[in-house]
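Here is the structure we will look at.
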Amino acid sequence: MRNLLNFIIRYSTWFVFAFYVLLSCMLLPYRDDYHASVLFSSANEVTGGIYKTVSGVTGYFNLKEINSSLQESNASLENEILNLRNRISEYKAIVENMDSVDFSRFNSHSARFDYILASVINNSTRHPRNYITINRGTADGVNRGMGVVDHNGIVGIVNVAGPHTARVISILNETQHFSVKIKDTPFVGSLSWHGGDPSIAYMEEVPRHAKYQIGDTIVTSGYSTTFPYGINVGTILNRVKTSDDNFYVLKVRLASDFNTLSTVRILKDTYKNELDSLAVYDIKVED
């Protein structure tokens with residue numbers, strides 16, 4: 001305590017000087033409008049910088065919540081597009097088969113497709129057979145055989161579903177094949193991954209008479225209950241030389257980036273059970 005008092009007494013002159021300087025600075029704006037404006041402008045600059053920094057920090061921590069909200073909005077919009085595309089296909093069937101179509105079933109506006117949002121909790125891209133684990137399961141409506149997409153394109157197919165998690169067979173799996181077609185054409189092929197680059201796959205069994213251009217879009221064919229027609233898959237890079245004279249193989253750059261996969265959507269088709277049940281029957285034609 002004595003040392004503190006000695007310190008204050010020793011430098012008392014400086015303390016008095018600092019007090020008067022501070023008091024002068026406080027009184028100056030009240031006596032001069034110019035100095036007041038300069039002081040307040042400087043104060044606003046400082047506080048503005050502080051608020052900007054605080055906003056940036058809090059905004060960073062809110063990114064996850066914002067991203068989740070955007071994903072939900074995108075999924076909702078994409079779901080509407082998917083259902084509208086399906087209804088357009090049905091209306092085309094009406095035009096092409098005016099005498100054989102039951103018009104009453106088109107009066108219902110119930111949506112056929114829906115999305116279930118999920119987060120990726122594990123993902124591999126370096127193995128011959130890659131899988132993805134998501135944080136949704138049967139308790140959330142996820143079942144085996146459902147298609148999985150992200151905001152860019154298709155990702156894979158659910159093959160094992162537990163109550164709260166599920167495993168997805170990735171496109172990056174050499175044993176898995178997907179039915180695809182060149183957009184706006186009737187030309188269908190089979191998409192498969194040959195290992196190596198996680199951004200490249202191959203569309204096989206493309207007829208030799210197929211018309212295409214480099215950069216054309218590859219989409220799902222709609223020939224299965226897993227994916228409806230028109231979901232983005234990738235773009236054509238070039239044609240690969242093969243020994244088969246009847247078919248082409250096209251090199252495709254995948255639309256989805258599997259190295260940064262974080263949020264996916266499981267595609268729910270309300271017609272799936274009905275269509276799958278019809279597929280088990282063999283149709284026999286009598287002579």
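So you can find residues: chains in the structure tokens are A, B, ... in the order shown, residues in each start at 1, and ligands are numbered from 1 in order.
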Spatial neighbours of Val264 (chain A), max dist 7 Å, only C-alpha atoms, sep filter under 4 positions, as a PDB file with N, CA and C atoms, in the first residue's frame:
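The file below, result_22.pdb, is the result:
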```
ATOM      1  N   LEU A 117     -34.662 -34.546 -45.905  1.00  0.00           N
ATOM      2  CA  LEU A 117     -33.323 -33.975 -45.772  1.00  0.00           C
ATOM      3  C   LEU A 117     -32.478 -34.783 -44.789  1.00  0.00           C
ATOM      4  N   ALA A 118     -31.206 -34.939 -45.102  1.00  0.00           N
ATOM      5  CA  ALA A 118     -30.302 -35.675 -44.211  1.00  0.00           C
ATOM      6  C   ALA A 118     -28.898 -35.095 -44.309  1.00  0.00           C
ATOM      7  N   SER A 119     -28.135 -35.278 -43.235  1.00  0.00           N
ATOM      8  CA  SER A 119     -26.728 -34.864 -43.211  1.00  0.00           C
ATOM      9  C   SER A 119     -25.837 -36.083 -43.400  1.00  0.00           C
ATOM     10  N   VAL A 148     -31.078 -41.201 -53.616  1.00  0.00           N
ATOM     11  CA  VAL A 148     -30.488 -40.107 -52.841  1.00  0.00           C
ATOM     12  C   VAL A 148     -29.848 -39.110 -53.796  1.00  0.00           C
ATOM     13  N   VAL A 149     -30.132 -37.828 -53.597  1.00  0.00           N
ATOM     14  CA  VAL A 149     -29.588 -36.760 -54.439  1.00  0.00           C
ATOM     15  C   VAL A 149     -29.067 -35.642 -53.552  1.00  0.00           C
ATOM     16  N   ASP A 150     -28.288 -34.726 -54.143  1.00  0.00           N
ATOM     17  CA  ASP A 150     -27.989 -33.466 -53.469  1.00  0.00           C
ATOM     18  C   ASP A 150     -28.483 -32.348 -54.367  1.00  0.00           C
TER      19      ASP A 150
END
```
* Asked: Can you list, as a list in words, every protein, DNA or RNA residue that comes within 6 Å of region 235-248 of chain A when you count only C-alpha atoms, leaving out same-chain residues fewer than 3 positions away?
  ->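 What passes the distance filter is Glu205, Val206, Pro207, Arg208, Ile214, Gly215, Asp216, Thr217, Ile218, Lys251, Val252 and Arg253 of chain A.
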Please dump the current selection as an mmCIF file, in the first residue's frame; keep C-alpha atoms.
```cif
data_model
loop_
_atom_site.group_PDB
_atom_site.id
_atom_site.type_symbol
_atom_site.label_atom_id
_atom_site.label_comp_id
_atom_site.auth_asym_id
_atom_site.auth_seq_id
_atom_site.Cartn_x
_atom_site.Cartn_y
_atom_site.Cartn_z
ATOM 1 C CA GLU A 205 -24.458 -49.146 -73.963
ATOM 2 C CA VAL A 206 -25.237 -45.966 -75.890
ATOM 3 C CA PRO A 207 -26.519 -46.894 -79.389
ATOM 4 C CA ARG A 208 -24.155 -46.059 -82.246
ATOM 5 C CA ILE A 214 -19.917 -32.519 -76.032
ATOM 6 C CA GLY A 215 -21.406 -30.744 -73.032
ATOM 7 C CA ASP A 216 -24.858 -32.321 -73.366
ATOM 8 C CA THR A 217 -26.568 -33.125 -70.075
ATOM 9 C CA ILE A 218 -27.062 -36.666 -68.805
ATOM 10 C CA LYS A 251 -17.180 -40.148 -70.474
ATOM 11 C CA VAL A 252 -19.309 -38.107 -68.061
ATOM 12 C CA ARG A 253 -18.341 -35.441 -65.532
#
```
* Asked: Would you give me, as a ChimeraX atom specification, the residues in region 150-239 of chain A that DSSP reads as strand (DSSP E)?
  -> /A:154-161,166-173,178-182,188-192,200-207,217-220,232-239
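You can rank A:Asn259, A:Thr225, A:Thr175, A:Ser12 by their closest distance to Asp197 (chain A) using only C-alpha atoms, and at the top of that list sits A:Asn259.
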* Asked: Within 7 Å of Lys268 (chain A), counting only C-alpha atoms, which residues qualify if same-chain residues fewer than 2 places away don't, as a ChimeraX atom specification?
  -> /A:113-115,146,266,270
* What's the 8 Å shell around Asp140 (chain A), counting only C-alpha atoms, without same-chain residues fewer than 6 positions away, as a ChimeraX atom specification? -> /A:116,163-164
* To do: Could you please write out, as an MDAnalysis selection string, every residue of region 88-267 of chain A that DSSP assigns to alpha helix (DSSP H)?
  => chainID A and resid 88:96
* Asked: Got a sec: who's within 9 Å of Ile171 (chain A), counting only C-alpha atoms, leaving out chain neighbours fewer than 5 positions off, as a ChimeraX atom specification?
  -> /A:130-131,154-157,176-178,191-193,201
* Please identify all polymer residues within 10 Å of Asp257 (chain A), counting only C-alpha atoms, omitting same-chain residues fewer than 5 positions from it, and present them as an MDAnalysis selection string. => chainID A and resid 150 152:153 155 198:199 262
Restricted to C-alpha atoms, what would the selected residues look like written as a PDB file, in the first residue's frame?
```
ATOM      1  CA  ASP A 150     -27.989 -33.466 -53.469  1.00  0.00           C
ATOM      2  CA  ASN A 152     -26.500 -30.788 -57.926  1.00  0.00           C
ATOM      3  CA  GLY A 153     -27.568 -34.286 -58.951  1.00  0.00           C
ATOM      4  CA  VAL A 155     -25.717 -39.406 -55.229  1.00  0.00           C
ATOM      5  CA  PRO A 198     -14.493 -39.344 -58.089  1.00  0.00           C
ATOM      6  CA  SER A 199     -15.767 -36.755 -60.562  1.00  0.00           C
ATOM      7  CA  SER A 262     -22.533 -32.654 -46.620  1.00  0.00           C
TER       8      SER A 262
END
```
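Nearest-residue note for Val158 (chain A): choosing from A:Asn232, A:Ser124, A:Thr133, A:Asn173, the minimum distance belongs to A:Thr133, counting only C-alpha atoms.
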